[in-house]
>>> print(open('coords_33.csv').read())   # CSV, C-alpha atoms
chain,number,residue,atom,x,y,z
W,1,MET,CA,12.2,-18.2,7.7
W,2,SER,CA,15.5,-18.5,5.7
W,3,THR,CA,17.4,-15.4,4.8
W,4,LEU,CA,16.8,-15.9,1.1
W,5,GLU,CA,13.0,-16.1,1.6
W,6,THR,CA,13.1,-13.1,3.8
W,7,ALA,CA,15.0,-11.1,1.3
W,8,PHE,CA,12.6,-12.2,-1.5
W,9,PHE,CA,9.6,-11.3,0.5
W,10,VAL,CA,10.9,-7.9,1.5
W,11,LEU,CA,12.0,-7.1,-2.0
W,12,SER,CA,8.7,-8.3,-3.5
W,13,ALA,CA,6.7,-6.3,-0.9
W,14,ALA,CA,8.8,-3.2,-1.6
W,15,ALA,CA,8.3,-3.7,-5.3
W,16,VAL,CA,4.5,-4.1,-5.0
W,17,LEU,CA,4.2,-1.0,-2.7
W,18,GLY,CA,6.5,1.1,-4.8
W,19,ALA,CA,4.8,0.2,-8.0
W,20,LEU,CA,1.4,0.9,-6.5
W,21,ILE,CA,2.4,4.3,-5.2
W,22,LEU,CA,3.7,5.1,-8.7
W,23,ALA,CA,0.4,3.9,-10.2
W,24,PHE,CA,-1.9,5.7,-7.8
W,25,GLY,CA,0.0,8.9,-7.8
W,26,ALA,CA,0.7,9.1,-11.6
W,27,ARG,CA,-0.4,12.1,-13.6
W,28,SER,CA,-0.2,10.2,-16.9
W,29,THR,CA,-2.3,7.2,-17.8
W,30,VAL,CA,0.7,5.3,-19.3
W,31,SER,CA,2.7,5.7,-16.0
W,32,ALA,CA,-0.3,4.4,-14.1
W,33,VAL,CA,-0.6,1.3,-16.3
W,34,LEU,CA,3.1,0.7,-16.0
W,35,GLY,CA,3.0,1.0,-12.3
W,36,SER,CA,0.0,-1.4,-12.1
W,37,MET,CA,1.9,-3.8,-14.3
W,38,GLY,CA,4.9,-3.8,-12.0
W,39,SER,CA,2.7,-4.3,-9.1
W,40,ALA,CA,1.1,-7.3,-10.8
W,41,MET,CA,4.5,-8.9,-11.5
W,42,ALA,CA,5.7,-8.4,-8.0
W,43,THR,CA,2.5,-10.0,-6.7
W,44,ALA,CA,3.2,-13.0,-8.9
W,45,GLY,CA,6.5,-13.3,-7.1
W,46,LEU,CA,4.7,-13.4,-3.8
W,47,PHE,CA,2.4,-16.2,-5.2
W,48,ALA,CA,5.5,-18.2,-6.1
W,49,LEU,CA,6.9,-17.6,-2.6
W,50,LEU,CA,3.6,-18.8,-1.1
W,51,ALA,CA,3.8,-22.2,-2.8
W,52,ALA,CA,1.3,-21.4,-5.5
W,53,PRO,CA,3.1,-21.9,-8.8
W,54,PHE,CA,-0.1,-22.1,-10.9
W,55,LEU,CA,-1.3,-18.8,-9.6
W,56,PHE,CA,2.2,-17.4,-10.2
W,57,VAL,CA,1.9,-18.3,-13.9
W,58,VAL,CA,-1.7,-17.1,-14.1
W,59,GLN,CA,-0.8,-13.8,-12.6
W,60,LEU,CA,2.1,-13.3,-14.9
W,61,LEU,CA,0.3,-14.4,-18.1
W,62,LEU,CA,-3.2,-13.3,-17.5
W,63,VAL,CA,-3.0,-10.2,-15.4
W,64,ALA,CA,0.4,-8.7,-16.1
W,65,GLY,CA,1.0,-10.3,-19.5
W,66,ALA,CA,-2.4,-10.2,-21.2
W,67,SER,CA,-4.7,-7.7,-19.6
W,68,LEU,CA,-2.3,-4.9,-18.5
W,69,VAL,CA,-0.2,-5.1,-21.7
W,70,GLY,CA,-3.4,-5.0,-23.7
W,71,LEU,CA,-4.5,-2.1,-21.6
W,72,LEU,CA,-1.2,-0.4,-22.3
W,73,PHE,CA,-1.7,-0.8,-26.0
W,74,VAL,CA,-5.2,0.6,-25.7
W,75,VAL,CA,-4.0,3.7,-23.8
W,76,LEU,CA,-1.2,4.2,-26.3
W,77,LEU,CA,-3.4,3.7,-29.4
W,78,VAL,CA,-6.4,5.7,-28.2
W,79,ASP,CA,-5.9,9.4,-27.8
W,80,LEU,CA,-6.2,9.9,-24.1
W,81,GLU,CA,-4.4,13.2,-23.9
W,82,ALA,CA,-7.7,14.9,-23.6
W,83,ALA,CA,-8.3,13.2,-20.2
W,84,PRO,CA,-5.0,13.4,-18.3
W,85,MET,CA,-5.1,12.0,-14.8
W,86,PRO,CA,-5.8,15.0,-12.5
W,87,ALA,CA,-4.0,15.4,-9.2
W,88,ARG,CA,-7.2,16.5,-7.6
W,89,THR,CA,-8.6,14.3,-5.0
W,90,THR,CA,-11.9,14.2,-3.1
W,91,ARG,CA,-11.7,15.8,0.3
W,92,ARG,CA,-15.0,14.6,1.8
W,93,GLY,CA,-14.6,14.2,5.5
W,94,LEU,CA,-17.5,11.7,5.7
W,95,VAL,CA,-16.0,9.4,3.0
W,96,THR,CA,-12.6,9.5,4.6
W,97,GLY,CA,-14.0,8.8,8.0
W,98,PHE,CA,-15.9,5.9,6.6
W,99,GLY,CA,-12.7,4.6,5.1
W,100,VAL,CA,-10.8,4.9,8.3
W,101,ILE,CA,-13.5,3.1,10.3
W,102,THR,CA,-13.7,0.3,7.6
W,103,ALA,CA,-9.9,-0.1,7.7
W,104,ALA,CA,-9.8,-0.3,11.4
W,105,SER,CA,-12.6,-2.9,11.4
W,106,LEU,CA,-10.8,-5.0,8.8
W,107,ALA,CA,-7.5,-4.8,10.7
W,108,GLY,CA,-9.3,-5.9,13.9
W,109,PHE,CA,-11.0,-8.7,12.1
W,110,LEU,CA,-7.7,-9.9,10.6
W,111,ALA,CA,-5.9,-9.7,14.0
W,112,LEU,CA,-8.7,-11.8,15.5
W,113,VAL,CA,-8.4,-14.4,12.7
W,114,LEU,CA,-4.6,-14.5,13.1
W,115,GLY,CA,-4.9,-14.9,16.8
W,116,SER,CA,-7.2,-17.9,16.5
W,117,THR,CA,-5.1,-19.5,13.7
W,118,GLN,CA,-2.6,-22.2,14.4
W,119,HIS,CA,0.5,-21.5,12.4
W,120,VAL,CA,2.0,-24.5,10.7
W,121,ASP,CA,4.7,-24.4,8.1
W,122,LEU,CA,4.7,-26.5,4.9
W,123,PRO,CA,7.2,-29.3,4.6
W,124,VAL,CA,10.1,-28.3,2.4
W,125,ASP,CA,9.2,-31.0,-0.2
W,126,ALA,CA,5.5,-30.3,-0.3
W,127,ASP,CA,4.1,-30.3,-3.8
W,128,LEU,CA,1.3,-27.8,-3.6
W,129,GLY,CA,-0.6,-25.6,-6.0
W,130,GLY,CA,0.5,-27.2,-9.3
W,131,ALA,CA,-1.6,-26.9,-12.4
W,132,PHE,CA,-2.7,-30.6,-12.1
W,133,ALA,CA,-3.9,-30.2,-8.5
W,134,ILE,CA,-5.8,-27.0,-9.2
W,135,GLY,CA,-7.3,-28.3,-12.4
W,136,ARG,CA,-8.5,-31.4,-10.7
W,137,MET,CA,-10.2,-29.3,-8.1
W,138,LEU,CA,-11.7,-26.8,-10.6
W,139,TYR,CA,-13.0,-29.5,-12.9
W,140,GLY,CA,-14.2,-31.6,-9.9
W,141,ASP,CA,-15.9,-30.1,-6.9
W,142,LEU,CA,-15.8,-26.6,-8.3
W,143,ALA,CA,-17.1,-27.3,-11.8
W,144,PRO,CA,-20.3,-25.3,-11.4
W,145,ALA,CA,-18.2,-22.3,-10.3
W,146,LEU,CA,-15.9,-22.8,-13.3
W,147,VAL,CA,-19.0,-22.8,-15.6
W,148,ALA,CA,-20.3,-19.7,-14.0
W,149,LEU,CA,-16.8,-18.1,-14.4
W,150,SER,CA,-16.8,-19.1,-18.1
W,151,LEU,CA,-20.2,-17.5,-18.6
W,152,LEU,CA,-19.0,-14.3,-16.8
W,153,VAL,CA,-16.0,-14.1,-19.1
W,154,LEU,CA,-18.2,-14.7,-22.1
W,155,ALA,CA,-20.6,-11.9,-21.0
W,156,ALA,CA,-17.6,-9.6,-20.5
W,157,ILE,CA,-16.3,-10.3,-24.0
W,158,VAL,CA,-19.8,-9.6,-25.5
W,159,SER,CA,-20.3,-6.5,-23.4
W,160,THR,CA,-16.9,-5.1,-24.3
W,161,ARG,CA,-17.6,-5.8,-28.0
W,162,VAL,CA,-21.0,-4.0,-27.7
W,163,LEU,CA,-19.3,-1.1,-26.0
W,164,ALA,CA,-16.7,-0.8,-28.7
W,165,ALA,CA,-19.4,-1.1,-31.4
W,166,SER,CA,-21.7,1.4,-29.8
W,167,GLY,CA,-19.3,4.1,-30.9
W,168,GLY,CA,-19.7,6.1,-27.8
W,169,GLY,CA,-19.3,9.3,-29.8
W,170,PHE,CA,-15.9,8.1,-31.1
W,171,ALA,CA,-16.1,10.4,-34.0
W,172,ALA,CA,-16.4,13.4,-31.8
W,173,SER,CA,-13.2,13.4,-29.8
W,174,PRO,CA,-12.5,16.5,-27.7
W,175,ALA,CA,-9.7,17.5,-30.0
W,176,SER,CA,-11.9,17.5,-33.1
W,177,ARG,CA,-14.6,19.4,-31.2
W,178,LYS,CA,-12.1,22.1,-30.4
W,179,GLU,CA,-11.2,22.4,-34.0
W,180,HIS,CA,-14.8,23.1,-34.9
S,1,MET,CA,8.5,-20.1,5.1
S,2,VAL,CA,7.3,-16.5,5.4
S,3,PRO,CA,5.2,-16.0,8.5
S,4,LEU,CA,1.5,-15.7,7.9
S,5,GLU,CA,1.3,-12.4,9.8
S,6,HIS,CA,3.7,-10.7,7.4
S,7,VAL,CA,1.7,-11.7,4.3
S,8,VAL,CA,-1.6,-10.8,6.0
S,9,THR,CA,-0.2,-7.4,6.9
S,10,LEU,CA,1.0,-6.8,3.4
S,11,ALA,CA,-2.3,-7.9,1.9
S,12,PHE,CA,-4.1,-5.5,4.3
S,13,VAL,CA,-1.8,-2.6,3.3
S,14,LEU,CA,-2.4,-3.4,-0.4
S,15,PHE,CA,-6.2,-3.5,0.2
S,16,ALA,CA,-6.1,-0.3,2.1
S,17,LEU,CA,-4.1,1.4,-0.6
S,18,GLY,CA,-6.7,0.3,-3.1
S,19,VAL,CA,-9.5,1.6,-1.0
S,20,VAL,CA,-7.7,4.9,-0.6
S,21,CYS,CA,-7.2,5.1,-4.4
S,22,VAL,CA,-10.9,4.4,-5.0
S,23,ILE,CA,-12.0,6.9,-2.5
S,24,ARG,CA,-9.5,9.7,-3.1
S,25,ARG,CA,-8.7,9.7,-6.8
S,26,ARG,CA,-11.2,11.1,-9.2
S,27,HIS,CA,-9.9,9.6,-12.4
S,28,LEU,CA,-11.8,6.6,-13.8
S,29,PHE,CA,-8.7,4.7,-14.6
S,30,ALA,CA,-7.2,5.3,-11.2
S,31,VAL,CA,-10.4,4.0,-9.6
S,32,LEU,CA,-10.2,0.9,-11.8
S,33,PHE,CA,-6.6,0.3,-10.8
S,34,GLY,CA,-7.6,0.6,-7.2
S,35,LEU,CA,-10.3,-2.0,-7.6
S,36,GLN,CA,-7.8,-4.3,-9.4
S,37,GLU,CA,-5.4,-4.0,-6.5
S,38,MET,CA,-8.1,-4.7,-4.0
S,39,THR,CA,-8.9,-8.0,-5.9
S,40,ALA,CA,-5.2,-8.9,-5.9
S,41,ALA,CA,-4.9,-8.3,-2.2
S,42,GLY,CA,-7.9,-10.6,-1.6
S,43,ALA,CA,-6.3,-13.3,-3.7
S,44,LEU,CA,-3.0,-12.9,-1.8
S,45,LEU,CA,-4.9,-13.4,1.5
S,46,LEU,CA,-6.6,-16.5,0.1
S,47,VAL,CA,-3.3,-18.0,-1.0
S,48,ALA,CA,-1.6,-17.2,2.3
S,49,PHE,CA,-4.3,-18.8,4.4
S,50,ASN,CA,-4.5,-21.8,2.0
S,51,ARG,CA,-0.8,-22.4,2.6
S,52,ASN,CA,-1.3,-22.4,6.3
S,53,TRP,CA,-4.3,-24.7,6.0
S,54,ALA,CA,-2.4,-27.1,3.7
S,55,GLY,CA,0.5,-27.2,6.1
S,56,ARG,CA,-1.9,-28.3,8.9
S,57,ALA,CA,-3.4,-30.9,6.7
S,58,LEU,CA,-0.1,-32.3,5.7
S,59,ALA,CA,1.1,-32.3,9.3
S,60,ALA,CA,-1.9,-34.4,10.2
S,61,GLY,CA,-1.2,-36.8,7.4
S,62,GLU,CA,-4.2,-35.7,5.3
S,63,PRO,CA,-4.1,-34.5,1.7
S,64,ALA,CA,-3.7,-30.8,1.3
S,65,ALA,CA,-6.8,-28.9,0.2
S,66,LEU,CA,-6.4,-26.2,-2.4
S,67,ASP,CA,-9.7,-24.4,-2.0
S,68,GLY,CA,-8.0,-21.1,-1.3
S,69,GLN,CA,-5.9,-21.2,-4.4
S,70,ALA,CA,-8.9,-22.2,-6.5
S,71,PHE,CA,-10.9,-19.3,-5.1
S,72,ALA,CA,-7.9,-17.0,-5.7
S,73,PHE,CA,-7.9,-18.1,-9.3
S,74,VAL,CA,-11.6,-17.2,-9.6
S,75,ALA,CA,-10.9,-13.9,-8.0
S,76,LEU,CA,-8.1,-13.1,-10.4
S,77,VAL,CA,-10.2,-13.9,-13.4
S,78,VAL,CA,-13.1,-11.8,-12.1
S,79,GLY,CA,-10.6,-9.0,-11.5
S,80,VAL,CA,-9.4,-9.1,-15.1
S,81,VAL,CA,-13.0,-9.2,-16.3
S,82,HIS,CA,-14.1,-6.2,-14.4
S,83,LEU,CA,-10.9,-4.4,-15.5
S,84,PHE,CA,-11.7,-5.0,-19.1
S,85,VAL,CA,-15.3,-4.0,-18.9
S,86,GLY,CA,-14.4,-1.0,-16.8
S,87,ILE,CA,-11.8,0.1,-19.3
S,88,GLY,CA,-14.4,-0.3,-22.1
S,89,LEU,CA,-16.9,1.9,-20.3
S,90,ALA,CA,-14.2,4.4,-19.3
S,91,LEU,CA,-13.1,4.8,-22.9
S,92,VAL,CA,-16.7,5.4,-24.1
S,93,VAL,CA,-17.1,8.0,-21.3
S,94,VAL,CA,-13.9,9.7,-22.2
S,95,ARG,CA,-14.8,9.9,-25.8
S,96,ARG,CA,-18.2,11.2,-25.2
S,97,HIS,CA,-17.4,13.7,-22.5
S,98,GLY,CA,-13.8,14.5,-23.0
S,99,SER,CA,-13.2,14.0,-19.3
S,100,ALA,CA,-12.5,11.0,-17.0
S,101,ASP,CA,-13.3,12.9,-13.8
S,102,ILE,CA,-15.9,10.9,-11.9
S,103,ASP,CA,-17.3,14.0,-10.3
S,104,GLU,CA,-18.3,15.3,-13.6
S,105,LEU,CA,-20.2,12.2,-14.6
S,106,ASN,CA,-23.9,12.4,-14.0
S,107,LEU,CA,-25.3,10.2,-16.8
S,108,LEU,CA,-27.7,8.5,-14.4
S,109,GLY,CA,-28.8,11.8,-12.8
S,110,GLY,CA,-31.5,12.4,-15.4
>>> encode(input="coords_33.csv", output="structure tokens")
Amino acid sequence: MSTLETAFFVLSAAAVLGALILAFGARSTVSAVLGSMGSAMATAGLFALLAAPFLFVVQLLLVAGASLVGLLFVVLLVDLEAAPMPARTTRRGLVTGFGVITAASLAGFLALVLGSTQHVDLPVDADLGGAFAIGRMLYGDLAPALVALSLLVLAAIVSTRVLAASGGGFAASPASRKEH
Amino acid sequence: MVPLEHVVTLAFVLFALGVVCVIRRRHLFAVLFGLQEMTAAGALLLVAFNRNWAGRALAAGEPAALDGQAFAFVALVVGVVHLFVGIGLALVVVRRHGSADIDELNLLGG
């Protein structure tokens, strides 16, 4: 592993973790969205490092660029001051114990997989993960999965539209209720 | 290239952070962000193993398969979809109840 790659990986990992800690510990929704956006951008850098340029672009444009920026606009435009992010957390011992057991199982499974995996580095000039190669796979062998994915996105668009049109008591915001 | 162990460890830490956020935080948006991060960690794992798999194929003189990256693309799109639908639901809940505390939500409780 070259020094430049090591530095890039360490910095990207630090950026992801730092942004996540900011997002998960934030008291305001805007800070949480910004932290999540930073994490998504740093993850895009990791995709670029792992020879996945198409996913790098998708992560930047779709996740960080479209969804999280759109979410930031939603949070800024809609009055969410009535629902600040509380610092309270659940303290259920059973749930925490279940999480610890699950994490330990997952770590053991990953260690088992890593132990049985033969590690091979890519050649330096390997052309891997470009848009053409991924597109040929998605529109070839994985065409049914792509159709299912398109239907899922369509269903999400329709359901989000229905949710927005349902009102959800939009006229009775907590601030207006307090005034009355 | 970055060793596979390092990327897998990072992905595990990211997934664990997402799980901790989903379990510990009580705000709807925080739970959604935790789920989003868990999806990203899974995609990172897929890409890392795909790189290793492609390296083995190229070393053997075979064309490199990109299944892992295609699955990661699907995972990313699904993550964005559930984020948008979740945010829509969360906004409706916040507007109706004035709170995003998941412990106070009992709409399905009758």
>>> atom_distance(input="coords_33.csv", atom1="atom CA of Ala103 of chain W", atom2="atom CA of Ala11 of chain S")
12.3 Å
>>> residues_around(input="coords_33.csv", residues="Ala54 of chain S", least_positions_apart="3", cutoff="6 Å", atoms="all atoms listed in the file", output="list in words")
Asn50, Arg51, Ala57, Ala64 and Ala65 of chain S
>>> interface_residues(input="coords_33.csv", of="chain S", to="chain W", cutoff="7 Å", atoms="only C-alpha atoms", output="PyMOL selection string")
chain S and resi 1-2+16+21+24-27+30+33+47-48+51-52+55-56+66+70+73+80-81+85+88-89+92+94-96+98-100
>>> write_last_selection(input="coords_33.csv", atoms="C-alpha atoms", output="CSV table (one decimal), in the frame of the given file")
chain,number,residue,atom,x,y,z
S,1,MET,CA,8.5,-20.1,5.1
S,2,VAL,CA,7.3,-16.5,5.4
S,16,ALA,CA,-6.1,-0.3,2.1
S,21,CYS,CA,-7.2,5.1,-4.4
S,24,ARG,CA,-9.5,9.7,-3.1
S,25,ARG,CA,-8.7,9.7,-6.8
S,26,ARG,CA,-11.2,11.1,-9.2
S,27,HIS,CA,-9.9,9.6,-12.4
S,30,ALA,CA,-7.2,5.3,-11.2
S,33,PHE,CA,-6.6,0.3,-10.8
S,47,VAL,CA,-3.3,-18.0,-1.0
S,48,ALA,CA,-1.6,-17.2,2.3
S,51,ARG,CA,-0.8,-22.4,2.6
S,52,ASN,CA,-1.3,-22.4,6.3
S,55,GLY,CA,0.5,-27.2,6.1
S,56,ARG,CA,-1.9,-28.3,8.9
S,66,LEU,CA,-6.4,-26.2,-2.4
S,70,ALA,CA,-8.9,-22.2,-6.5
S,73,PHE,CA,-7.9,-18.1,-9.3
S,80,VAL,CA,-9.4,-9.1,-15.1
S,81,VAL,CA,-13.0,-9.2,-16.3
S,85,VAL,CA,-15.3,-4.0,-18.9
S,88,GLY,CA,-14.4,-0.3,-22.1
S,89,LEU,CA,-16.9,1.9,-20.3
S,92,VAL,CA,-16.7,5.4,-24.1
S,94,VAL,CA,-13.9,9.7,-22.2
S,95,ARG,CA,-14.8,9.9,-25.8
S,96,ARG,CA,-18.2,11.2,-25.2
S,98,GLY,CA,-13.8,14.5,-23.0
S,99,SER,CA,-13.2,14.0,-19.3
S,100,ALA,CA,-12.5,11.0,-17.0
>>> atom_distance(input="coords_33.csv", atom1="atom CA of Pro53 of chain W", atom2="atom CA of Val69 of chain W")
21.4 Å
>>> atom_distance(input="coords_33.csv", atom1="atom CA of His82 of chain S", atom2="atom CA of Leu44 of chain S")
18.1 Å
>>> residues_around(input="coords_33.csv", residues="Val19 of chain S", least_positions_apart="6", cutoff="8 Å", atoms="only C-alpha atoms", output="list in words")
Gly99 of chain W; Gly34, Leu35 and Met38 of chain S
